[in-house]
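Since the structure comes first, as structure tokens, the remarks are kept for the end.
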Amino acid sequence: MDRILISAAHKSSGKTTVSIGLCAALQHRGLEVQPFKKGPDYIDPLWLGAASARPCYNLDFNTQSDADIRTLFSTRAVGSDLCLVEANKGLYDGVARDGSDSNAALAKLLALPVVLVIDVRGMTRGIAPLLLGYQQFDAAVRIGGVILNRTGGARHEGKLRQAVEYHTDLSVLGAVQDSPVLAIDERHLGLMPSNEHRDAERQIVRIRELIAAQVDVGAVLQLARTADGTQQAAGSRIPQGSARLRAVNNGSDVHIGICRDPAFGFYYPDDLDALQQAGATLININTLRDTGLPFFDGLFIGGGFPETRLHELAANQALRTAIRSAIENGLPTYAECGGLMYLARSLSWKGERAEMAGVIPGDAVMYPRPQGRGYVELEPTSELPWPGAGVGLIRAHEFHYSRLENLAPGGRFAFRVRRGSGIDGEHDGWVCRNLLASYTHLRSTSRFDWASRFVNFVRNYKRKTML
């Protein structure tokens with residue numbers, strides 16, 4: 001399988017824009033491009049998925065085992081001509097001191113040739129020792145070429161090319177001039193998601209055209225074709241004992257509503273796959289437009305940016321009332337981050353406050369700086385409502401600028417926070433009736449298959465109510 005890793009020396013080097021452009025350019029050539037994103041992220045995958053017309057999947061050492069990563073990569077690669085993985089941060093960056101969770105480690109695990117995107121502003125000959133250092137730091141990582149990003153013009157580009165070609169054996173695969181046309185609007189969590197961007201399709205076309213004109217897309221494709229598949233092929237066999245990877249049902253027997261609209265769009269595609277594999281039919285709900293709830297047995301409200309749709313969410317009182325009534329009447333519900341904020345009593349941002357669903361007796365308040373950010377470790381309590389065998393430490397992530405304030409005392413929590421912030425620094429996962437609402441973003445993997453647990457919870461509740 002042809003594959004490539006687009007990485008950089010450090011974050012904010014422009015690798016996301018380059019990756020979007022390459023996905024779109026290759027797809028425009030008639031190739032099926034399967035995108036992946038290293039690490040926990042919702043926003044970049046939305047853009048990569050839109051650019052390639054295929055869902056983008058996340059590869060994350062923190063929440064997945066090596067076997068999980070290999071299996072997800074190989075199974076989602078089926079039917080594609082090329083797999084493009086966008087790195088996070090720099091090539092050798094990660095949490096682990098030994099680099100075992102870095103982009104370089106992923107490149108070795110999946111035998112990915114690497115393209116380095118270098119932000120060359122203020123740099124000329126100095127690019128050579130930088131590249132030499134990256135090559136020599138870990139000889140097992142195969143850096144196949146470099147893309148010079150944000151060049152200042154032809155003269156600047158010429159000096160950089162001379163330095164790279166004279167001092168290194170790396171190929172310059174392209175030089176992208178600094179241009180406002182390539183910029184995607186940013187805000188407090190990073191890029192504006194493509195599901196909110198009113199001009200997303202045309203912006204992708206603009207990026208595609210500029211990248212295709214300044215990067216040798218054919219050379220990138222040729223580099224991807226040199227990938228050594230031995231290591232990946234050896235690790236891609238699906239473990240026979242993994243229920244997570246087998247078909248676990250003979251058909252859908254429960255219906256789960258899922259809020260998917262410009263306010264709520266943070267969902268991992270493989271989590272949605274896992275819900276369906278566990279027997280759920282997913283029914284989309286638009287919290288901005290729908291005034292009532294269709295029939296379903298459970299509800300999932302993911303993360304997103306409810307604060308940017310504050311008044312639209314508040315104005316849809318009919319749906320807020322319907323959701324509150326359904327949850328209070330026992331509807332099995334799972335809410336993550338933005339979903340938790342929507343279920344709170346109110347939401348405040350930039351001096352404005354609006355009523356929300358009012359299920360959780362607390363107020364979500366946005367702050368200028370993150371209130372919880374990074375990987376988390378959770379220890380389940382006896383209040384975790386979802387059935388299943390014993391659960392060890394759960395590894396997940398959080399990224400929120402809000403806090404849940406004025407929370408009524410005496411609440412029940414599904415998790416004790418061993419690392420991270422959660423709701424109050426010590427707990428996460430507010431439990432009320434059949435609702436579990438958390439700041440943590442879970443990932444359904446062999447380590448903790450929350451999707452099948454939630455579906456089983458919904459199924460059991462449905463059976464009880466039918467007796």
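We label chains A, B, ... in the order they appear in the structure tokens, count residues from 1 in each chain, and number ligands from 1 in the order shown.
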Exercise. Please provide as a VMD selection string all residues within 9 Å of Ser348 of chain A, with the sequence filter that same-chain residues fewer than 5 positions apart are discarded (counting only C-alpha atoms).
Key: chain A and resid 307 310 353 to 355 363 to 366 402
Exercise. Taking the chain letters and numbering used in this document, name the residues of segment 215-379 of chain A that DSSP puts in strand (DSSP E or B), as a PyMOL selection string.
Key: chain A and resi 215+254-259+261+264-266+280-285+298-301+303-304+333-336+344-349+352-355+360-366+372-379
Selected residues written out, N, CA and C atoms, as a short mmCIF file (atom, residue, chain, number, x, y, z; two decimals), in the first residue's frame:
data_model
loop_
_atom_site.label_atom_id
_atom_site.label_comp_id
_atom_site.auth_asym_id
_atom_site.auth_seq_id
_atom_site.Cartn_x
_atom_site.Cartn_y
_atom_site.Cartn_z
N VAL A 215 4.03 22.37 -5.55
CA VAL A 215 4.60 21.12 -5.03
C VAL A 215 4.57 20.10 -6.15
N VAL A 254 -31.06 -1.35 17.86
CA VAL A 254 -31.33 -0.13 18.61
C VAL A 254 -31.06 1.08 17.72
N HIS A 255 -31.75 2.16 18.00
CA HIS A 255 -31.58 3.40 17.25
C HIS A 255 -31.03 4.47 18.18
N ILE A 256 -29.94 5.10 17.76
CA ILE A 256 -29.30 6.12 18.59
C ILE A 256 -29.27 7.44 17.82
N GLY A 257 -29.84 8.47 18.42
CA GLY A 257 -29.78 9.80 17.84
C GLY A 257 -28.41 10.40 18.08
N ILE A 258 -27.90 11.12 17.08
CA ILE A 258 -26.59 11.75 17.21
C ILE A 258 -26.68 13.19 16.71
N CYS A 259 -26.31 14.14 17.55
CA CYS A 259 -26.39 15.55 17.19
C CYS A 259 -25.21 15.91 16.29
N ASP A 261 -24.19 18.81 13.49
CA ASP A 261 -24.53 20.09 12.87
C ASP A 261 -23.37 21.04 13.12
N PHE A 264 -22.17 20.86 16.81
CA PHE A 264 -21.63 19.61 17.33
C PHE A 264 -21.13 18.75 16.17
N GLY A 265 -19.81 18.65 16.06
CA GLY A 265 -19.23 17.91 14.95
C GLY A 265 -18.02 17.08 15.32
N PHE A 266 -17.71 16.97 16.63
CA PHE A 266 -16.52 16.25 17.06
C PHE A 266 -16.84 14.79 17.33
N ALA A 280 -26.16 -0.55 16.44
CA ALA A 280 -26.92 0.69 16.48
C ALA A 280 -27.12 1.27 15.08
N THR A 281 -28.31 1.77 14.83
CA THR A 281 -28.58 2.60 13.67
C THR A 281 -28.50 4.05 14.14
N LEU A 282 -27.70 4.87 13.46
CA LEU A 282 -27.50 6.26 13.86
C LEU A 282 -28.46 7.17 13.13
N ILE A 283 -29.10 8.05 13.87
CA ILE A 283 -30.08 8.99 13.32
C ILE A 283 -29.59 10.40 13.61
N ASN A 284 -29.31 11.18 12.57
CA ASN A 284 -28.78 12.52 12.75
C ASN A 284 -29.86 13.48 13.27
N ILE A 285 -29.41 14.36 14.17
CA ILE A 285 -30.26 15.41 14.73
C ILE A 285 -29.54 16.75 14.55
N GLY A 298 -31.59 5.81 22.24
CA GLY A 298 -30.51 6.44 23.00
C GLY A 298 -30.06 7.69 22.28
N LEU A 299 -29.25 8.50 22.96
CA LEU A 299 -28.81 9.79 22.41
C LEU A 299 -27.33 10.00 22.67
N PHE A 300 -26.61 10.48 21.67
CA PHE A 300 -25.18 10.81 21.77
C PHE A 300 -24.98 12.24 21.31
N ILE A 301 -24.48 13.09 22.21
CA ILE A 301 -24.18 14.49 21.87
C ILE A 301 -22.67 14.68 22.03
N GLY A 303 -18.77 16.53 21.06
CA GLY A 303 -18.19 17.85 21.29
C GLY A 303 -18.38 18.77 20.10
N GLY A 304 -17.90 19.99 20.24
CA GLY A 304 -18.03 20.97 19.17
C GLY A 304 -17.85 22.38 19.71
N THR A 333 -28.35 8.41 27.57
CA THR A 333 -27.68 9.51 26.86
C THR A 333 -26.22 9.58 27.25
N TYR A 334 -25.38 9.85 26.25
CA TYR A 334 -23.97 10.11 26.48
C TYR A 334 -23.62 11.44 25.85
N ALA A 335 -22.97 12.32 26.63
CA ALA A 335 -22.60 13.65 26.14
C ALA A 335 -21.13 13.92 26.46
N GLU A 336 -20.40 14.45 25.48
CA GLU A 336 -18.99 14.78 25.65
C GLU A 336 -18.77 16.28 25.47
N ALA A 344 -26.17 21.71 30.19
CA ALA A 344 -26.11 22.50 31.42
C ALA A 344 -27.30 23.46 31.50
N ARG A 345 -27.37 24.13 32.62
CA ARG A 345 -28.46 25.09 32.85
C ARG A 345 -28.33 26.29 31.93
N SER A 346 -27.09 26.76 31.73
CA SER A 346 -26.84 27.92 30.87
C SER A 346 -25.43 27.86 30.32
N LEU A 347 -25.17 28.68 29.32
CA LEU A 347 -23.85 28.79 28.72
C LEU A 347 -23.51 30.26 28.57
N SER A 348 -22.33 30.65 29.07
CA SER A 348 -21.89 32.05 29.01
C SER A 348 -20.59 32.17 28.24
N TRP A 349 -20.52 33.18 27.36
CA TRP A 349 -19.33 33.41 26.54
C TRP A 349 -19.27 34.87 26.13
N GLU A 352 -22.00 37.23 27.27
CA GLU A 352 -23.37 36.89 26.93
C GLU A 352 -23.74 35.54 27.55
N ARG A 353 -24.99 35.43 27.95
CA ARG A 353 -25.46 34.20 28.61
C ARG A 353 -26.77 33.77 27.96
N ALA A 354 -26.92 32.45 27.80
CA ALA A 354 -28.15 31.92 27.21
C ALA A 354 -28.54 30.64 27.92
N GLU A 355 -29.83 30.40 27.97
CA GLU A 355 -30.35 29.18 28.58
C GLU A 355 -30.04 27.99 27.68
N ILE A 360 -28.36 19.28 33.47
CA ILE A 360 -27.30 19.27 34.48
C ILE A 360 -27.44 20.54 35.33
N PRO A 361 -27.50 20.41 36.65
CA PRO A 361 -27.71 21.58 37.52
C PRO A 361 -26.44 22.39 37.73
N GLY A 362 -25.96 22.98 36.65
CA GLY A 362 -24.76 23.79 36.69
C GLY A 362 -24.71 24.69 35.48
N ASP A 363 -23.79 25.66 35.48
CA ASP A 363 -23.67 26.63 34.40
C ASP A 363 -22.31 26.50 33.73
N ALA A 364 -22.32 26.37 32.42
CA ALA A 364 -21.08 26.29 31.65
C ALA A 364 -20.59 27.71 31.34
N VAL A 365 -19.37 28.01 31.75
CA VAL A 365 -18.81 29.35 31.59
C VAL A 365 -17.51 29.26 30.81
N MET A 366 -17.44 29.99 29.70
CA MET A 366 -16.23 29.99 28.87
C MET A 366 -15.20 30.97 29.42
N GLY A 372 -8.96 22.80 30.65
CA GLY A 372 -8.55 21.40 30.63
C GLY A 372 -7.99 21.10 29.26
N ARG A 373 -6.78 20.56 29.20
CA ARG A 373 -6.15 20.37 27.90
C ARG A 373 -5.13 19.24 27.98
N GLY A 374 -5.24 18.28 27.08
CA GLY A 374 -4.23 17.22 26.99
C GLY A 374 -4.81 15.85 27.31
N TYR A 375 -3.90 14.91 27.50
CA TYR A 375 -4.30 13.55 27.81
C TYR A 375 -4.83 13.45 29.24
N VAL A 376 -5.80 12.56 29.43
CA VAL A 376 -6.34 12.32 30.76
C VAL A 376 -6.27 10.84 31.07
N GLU A 377 -6.29 10.54 32.36
CA GLU A 377 -6.39 9.17 32.84
C GLU A 377 -7.52 9.12 33.85
N LEU A 378 -8.45 8.21 33.62
CA LEU A 378 -9.65 8.12 34.45
C LEU A 378 -9.74 6.75 35.10
N GLU A 379 -10.15 6.74 36.35
CA GLU A 379 -10.43 5.50 37.06
C GLU A 379 -11.94 5.39 37.22
#
Self-check item: Spatial neighbours of Arg289 of chain A, 10 Å, only C-alpha atoms, chain gap at least 4 places, as a PyMOL selection string
Solution: chain A and resi 261+285+312-313+315-316+319
Using the selection just defined, write its residues with C-alpha atoms as an mmCIF file, in the first residue's frame.
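Now in result-v1.cif:
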data_model
loop_
_atom_site.group_PDB
_atom_site.id
_atom_site.type_symbol
_atom_site.label_atom_id
_atom_site.label_comp_id
_atom_site.auth_asym_id
_atom_site.auth_seq_id
_atom_site.Cartn_x
_atom_site.Cartn_y
_atom_site.Cartn_z
ATOM 1 C CA ASP A 261 -24.528 20.089 12.868
ATOM 2 C CA ILE A 285 -30.258 15.411 14.731
ATOM 3 C CA GLU A 312 -29.304 29.756 17.852
ATOM 4 C CA LEU A 313 -29.259 26.906 20.361
ATOM 5 C CA ALA A 315 -33.708 30.072 20.310
ATOM 6 C CA ASN A 316 -34.592 26.432 19.570
ATOM 7 C CA LEU A 319 -35.735 20.955 20.958
#
Self-check item: Contacts of Ile327 of chain A within 9 Å, only C-alpha atoms, excl. fewer than 2 positions in-chain, as a ChimeraX atom specification
Solution: /A:299,322-325,329-333,359,432-435
Quiz prompt | Separation of atom CA of Phe399 of chain A from atom CA of Ala318 of chain A in Å | solution =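 Rounded to one decimal, the two atoms are 29.5 Å apart.
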